[in-house]
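Novice: Sharing a structure, written as structure tokens. Questions coming.
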Amino acid sequence: MNKLDLKKVYNLESPPISECPYCGSQKFYKNVRAGGRTQLYFNSNGKKIYDFYKNIVLFSIGKFVYCANCHKKLFKYRN
Ligand SMILES: [Zn+2]
């Protein structure tokens, strides 16, 4: 298992690990806040057709990248 350094700051393009040292997952996430106005499309029986996220703006919140599987904190990143 790689030793994780949670104080050092990394770019998202060059993360210090390629997989989660706890569970082996290769999917990560960061927390974002979403804002803006958009449309939800639905047909005449009220069934949703699709969501339209084009106009939604994402803002990074927080400083850490987490594992998508076990949700452990993995490394600090720079926006
Ligand atoms: Zn994990």
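Naming scheme: A, B, ... for chains in displayed order of the structure tokens; residues 1 onward per chain; ligands 1 onward as shown.
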Which protein, DNA or RNA residues have an atom within 7 Å of ligand 1, counting only C-alpha atoms and all ligand atoms, as a list in words?

Specialist: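 What falls inside 7 Å of ligand 1 is Cys20, Pro21, Tyr22, Cys23, Gly24, Ser25, Cys67, Ala68, Asn69, Cys70, His71 and Lys72 of chain A.
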
Novice: For range 8-16 of chain A, work out the shell of residues within 6 Å, counting only C-alpha atoms and skipping chain neighbours fewer than 6 positions away, then give it as a list in words.

Specialist: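 Counting only C-alpha atoms, the residues come to Lys76, Tyr77 and Arg78 of chain A.
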
Novice: Looking at only C-alpha atoms, which of A:Gln39, A:Asn45, A:Asn79, A:Asn31 is the one that sits closest to Gly62 in chain A?

Specialist: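 Nearest candidate to Gly62 in chain A out of A:Gln39, A:Asn45, A:Asn79, A:Asn31: A:Asn31.
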
Novice: Tell me, as a list in words, which residues lie within 8 Å of Phe52 in chain A, counting only C-alpha atoms; anything in the same chain fewer than 3 positions away does not count.

Specialist: Thr38, Gln39, Leu40, Tyr41 and Asn55 of chain A

Novice: Would you please work out which residue, of A:Val32, A:Ile49, A:Ile61, A:Leu74, is nearest to Leu6 in chain A when using only C-alpha atoms?

Specialist: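 Closest candidate: A:Leu74.
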